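This is my_file08.tsv. It holds TSV, C-alpha atoms.
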chain	number	residue	atom	x	y	z
A	19	MET	CA	167.53	59.36	88.97
A	20	LYS	CA	164.68	60.49	86.75
A	21	GLU	CA	161.72	58.15	86.50
A	22	PHE	CA	159.89	58.07	83.18
A	23	THR	CA	156.25	57.52	84.07
A	24	THR	CA	154.88	58.08	80.57
A	25	CYS	CA	155.94	56.93	77.14
A	26	ILE	CA	155.99	60.55	75.97
A	27	GLU	CA	158.62	61.43	78.58
A	28	ALA	CA	160.69	58.39	77.62
A	29	ARG	CA	160.49	59.02	73.87
A	30	GLU	CA	161.69	62.59	74.30
A	31	GLU	CA	165.04	61.13	75.38
A	32	PHE	CA	165.49	58.65	72.52
A	33	SER	CA	167.60	61.00	70.37
A	34	ALA	CA	169.92	61.82	73.25
A	35	LEU	CA	170.28	58.11	74.02
A	36	LEU	CA	171.11	57.20	70.40
A	37	ASP	CA	173.56	60.10	70.15
A	38	GLY	CA	175.29	59.07	73.38
A	39	GLU	CA	174.33	62.36	75.03
A	40	LEU	CA	171.86	61.10	77.64
A	41	GLU	CA	172.85	61.89	81.20
A	42	ILE	CA	173.65	58.84	83.35
A	43	GLU	CA	170.85	59.48	85.87
A	44	ASN	CA	168.32	59.70	83.03
A	45	GLN	CA	169.72	56.62	81.31
A	46	ASP	CA	168.95	54.36	84.28
A	47	GLY	CA	165.35	55.58	84.44
A	48	LEU	CA	164.92	55.20	80.68
A	49	GLU	CA	166.31	51.67	80.73
A	50	ARG	CA	163.87	50.81	83.52
A	51	HIS	CA	160.98	52.17	81.42
A	52	LEU	CA	162.15	50.24	78.35
A	53	ALA	CA	162.32	47.01	80.37
A	54	GLU	CA	158.61	47.39	81.14
A	55	CYS	CA	157.31	48.96	77.90
A	56	SER	CA	157.58	46.84	74.78
A	57	GLU	CA	156.02	49.56	72.60
A	58	CYS	CA	158.76	52.08	73.47
A	59	LEU	CA	161.39	49.39	73.05
A	60	ARG	CA	160.09	48.64	69.53
A	61	GLU	CA	160.09	52.35	68.63
A	62	LEU	CA	163.63	52.81	69.94
A	63	ASP	CA	164.73	49.76	67.95
A	64	SER	CA	163.20	51.26	64.78
A	65	LEU	CA	164.97	54.57	65.38
A	66	LYS	CA	168.24	52.73	65.97
A	67	LYS	CA	167.88	50.92	62.63
A	68	VAL	CA	167.27	54.21	60.82
A	69	SER	CA	170.22	55.81	62.57
A	70	ASP	CA	172.45	52.87	61.65
A	71	ALA	CA	171.29	53.06	58.02
A	72	TYR	CA	172.24	56.74	57.82
A	73	GLU	CA	175.68	55.99	59.22
A	74	THR	CA	176.35	53.56	56.36
A	75	LEU	CA	175.65	56.19	53.70
A	76	PRO	CA	178.74	57.69	52.10
A	77	ASN	CA	179.60	61.32	52.79
A	78	LEU	CA	179.25	63.20	49.53
A	79	GLU	CA	180.51	66.67	48.90
A	80	ALA	CA	178.73	69.11	46.63
A	81	PRO	CA	180.66	70.25	43.58
A	82	ASP	CA	182.44	73.58	44.01
A	83	ASP	CA	180.41	75.20	41.24
A	84	LEU	CA	177.00	74.02	42.50
A	85	PHE	CA	175.97	77.45	43.81
A	86	GLU	CA	176.93	79.13	40.55
A	87	GLU	CA	174.99	76.54	38.53
A	88	ILE	CA	171.86	77.04	40.63
A	89	GLN	CA	172.17	80.81	40.37
A	90	HIS	CA	172.63	80.54	36.60
A	91	ASP	CA	169.59	78.26	36.25
A	92	MET	CA	167.48	80.68	38.29
A	93	GLU	CA	168.54	83.60	36.12
A	94	GLN	CA	167.67	81.62	32.99
A	95	SER	CA	164.26	80.78	34.47
A	96	HIS	CA	163.70	84.43	35.45
A	97	ILE	CA	163.30	83.56	39.11
A	98	ASP	CA	163.93	86.55	41.33
A	99	LEU	CA	164.10	85.68	45.01
A	100	SER	CA	164.08	89.33	46.02
A	101	ASP	CA	160.37	89.45	45.09
A	102	SER	CA	159.59	86.63	47.50
A	103	VAL	CA	161.03	88.39	50.54
A	104	ARG	CA	158.57	90.68	52.24
A	105	THR	CA	160.00	93.75	53.82
A	106	ALA	CA	158.35	95.17	56.87
A	107	GLY	CA	156.63	98.45	56.18
A	108	PRO	CA	155.16	100.92	58.61
A	109	MET	CA	152.76	99.25	61.00
A	110	SER	CA	149.20	100.50	61.25
A	111	PHE	CA	147.43	100.29	64.59
A	112	LYS	CA	144.05	101.27	63.13
A	113	PRO	CA	142.69	97.68	62.91
A	114	VAL	CA	143.77	97.02	66.49
A	115	ILE	CA	142.08	100.19	67.74
A	116	VAL	CA	138.87	99.41	65.85
A	117	ALA	CA	138.80	95.86	67.25
A	118	ALA	CA	139.38	97.17	70.78
A	119	MET	CA	136.56	99.70	70.41
A	120	VAL	CA	134.17	97.00	69.17
A	121	LEU	CA	135.04	94.83	72.17
A	122	ILE	CA	134.53	97.73	74.59
A	123	VAL	CA	131.15	98.67	73.08
A	124	THR	CA	130.06	95.02	73.14
A	125	ALA	CA	131.08	94.69	76.78
A	126	ILE	CA	129.23	97.88	77.76
A	127	LEU	CA	126.08	96.83	75.90
A	128	SER	CA	126.20	93.36	77.46
A	129	PHE	CA	126.57	94.90	80.91
A	130	LEU	CA	123.70	97.35	80.35
A	131	ILE	CA	121.41	94.63	79.02
A	132	SER	CA	122.20	92.32	81.93
A	133	GLN	CA	121.70	95.13	84.46
A	134	GLY	CA	118.48	96.32	82.84
A	135	GLY	CA	116.86	92.91	83.17
A	136	SER	CA	117.86	92.38	86.81
A	137	THR	CA	116.99	95.86	88.15
A	138	SER	CA	113.50	96.10	86.65
A	139	GLY	CA	112.06	94.23	89.62
A	140	GLY	CA	110.02	91.87	87.48
A	141	ASP	CA	110.40	89.20	84.91
A	142	ALA	CA	111.86	90.18	81.58
A	143	PRO	CA	109.28	90.36	78.81
A	144	PRO	CA	109.16	87.29	76.61
A	145	LEU	CA	111.09	87.53	73.36
A	146	VAL	CA	108.31	85.74	71.52
A	147	GLU	CA	104.69	86.24	72.48
A	148	ASP	CA	102.40	83.25	72.75
A	149	VAL	CA	99.74	83.39	70.08
A	150	GLU	CA	96.60	81.42	70.83
Please go through the file and, once you have read it, give me the structure as structure tokens.
Amino acid sequence: MKEFTTCIEAREEFSALLDGELEIENQDGLERHLAECSECLRELDSLKKVSDAYETLPNLEAPDDLFEEIQHDMEQSHIDLSDSVRTAGPMSFKPVIVAAMVLIVTAILSFLISQGGSTSGGDAPPLVEDVE
């Protein structure tokens, strides 16, 4: 049996429970969590009310000519969906190569700067001189 130690784990199973698809071993653990967690119980109750409300709605079927009407309206409005679909063109790797080169140069410079300061044998010179 799965134990639900957090509300997040329990709430992930609410849909399966309401749809009657929750496995028996998970159902026992979820019921145990709900017996101890009033917040999850309230949320499940709210989801159940919404689910019940949807079940009472009548099943409506779209008219047979709905697609043709929408297509006609789009043509009249001069809407062309083919313009909204991007087609993949040839891919350029130039930006990727440039970014990789910048990272490599930055890494080399960082390494050289860090090595230069530690191998000089003395303290690094101050970046700002004290003016008295």
* To do: For CA of Lys20 (chain A) and CA of Leu36 (chain A), determine how far apart the two atoms are, in Å to one decimal place.
  =>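 Here the two named atoms are 17.9 Å from each other.
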* To do: Would you mind reading off the distance between CA of Lys67 (chain A) and CA of Phe22 (chain A), one decimal, in Å?
  =>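 CA of Phe22 (chain A) lies at a distance of 23.2 Å from CA of Lys67 (chain A).
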* Structure fact -> In terms of all atoms listed in the file, the residue from A:Glu93, A:Asp82, A:Glu87, A:Glu54 at minimal distance from Thr24 (chain A) is A:Glu54
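Going from CA of Glu79 (chain A) to CA of Ser64 (chain A) covers 28.1 Å.
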* Nearest to Ala53 (chain A): which of A:Ala28, A:Met19, A:Leu130, A:Ala34 is it, counting all atoms listed in the file? ->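 Comparing A:Ala28, A:Met19, A:Leu130, A:Ala34 against Ala53 (chain A), the winner is A:Ala28.
Of the listed residues A:Cys58, A:Phe111, A:Glu21, A:Leu65, the one whose atoms come nearest to Asn44 (chain A) is A:Glu21, with distances taken using all atoms listed in the file.
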Padding 5 Å on every side, please: axis-aligned box over the listed atoms of region 59-78 of chain A, centre and edge lengths to one decimal in Å, as JSON.
{"center_x": 169.8, "center_y": 55.9, "center_z": 61.3, "size_x": 29.5, "size_y": 24.6, "size_z": 33.5}
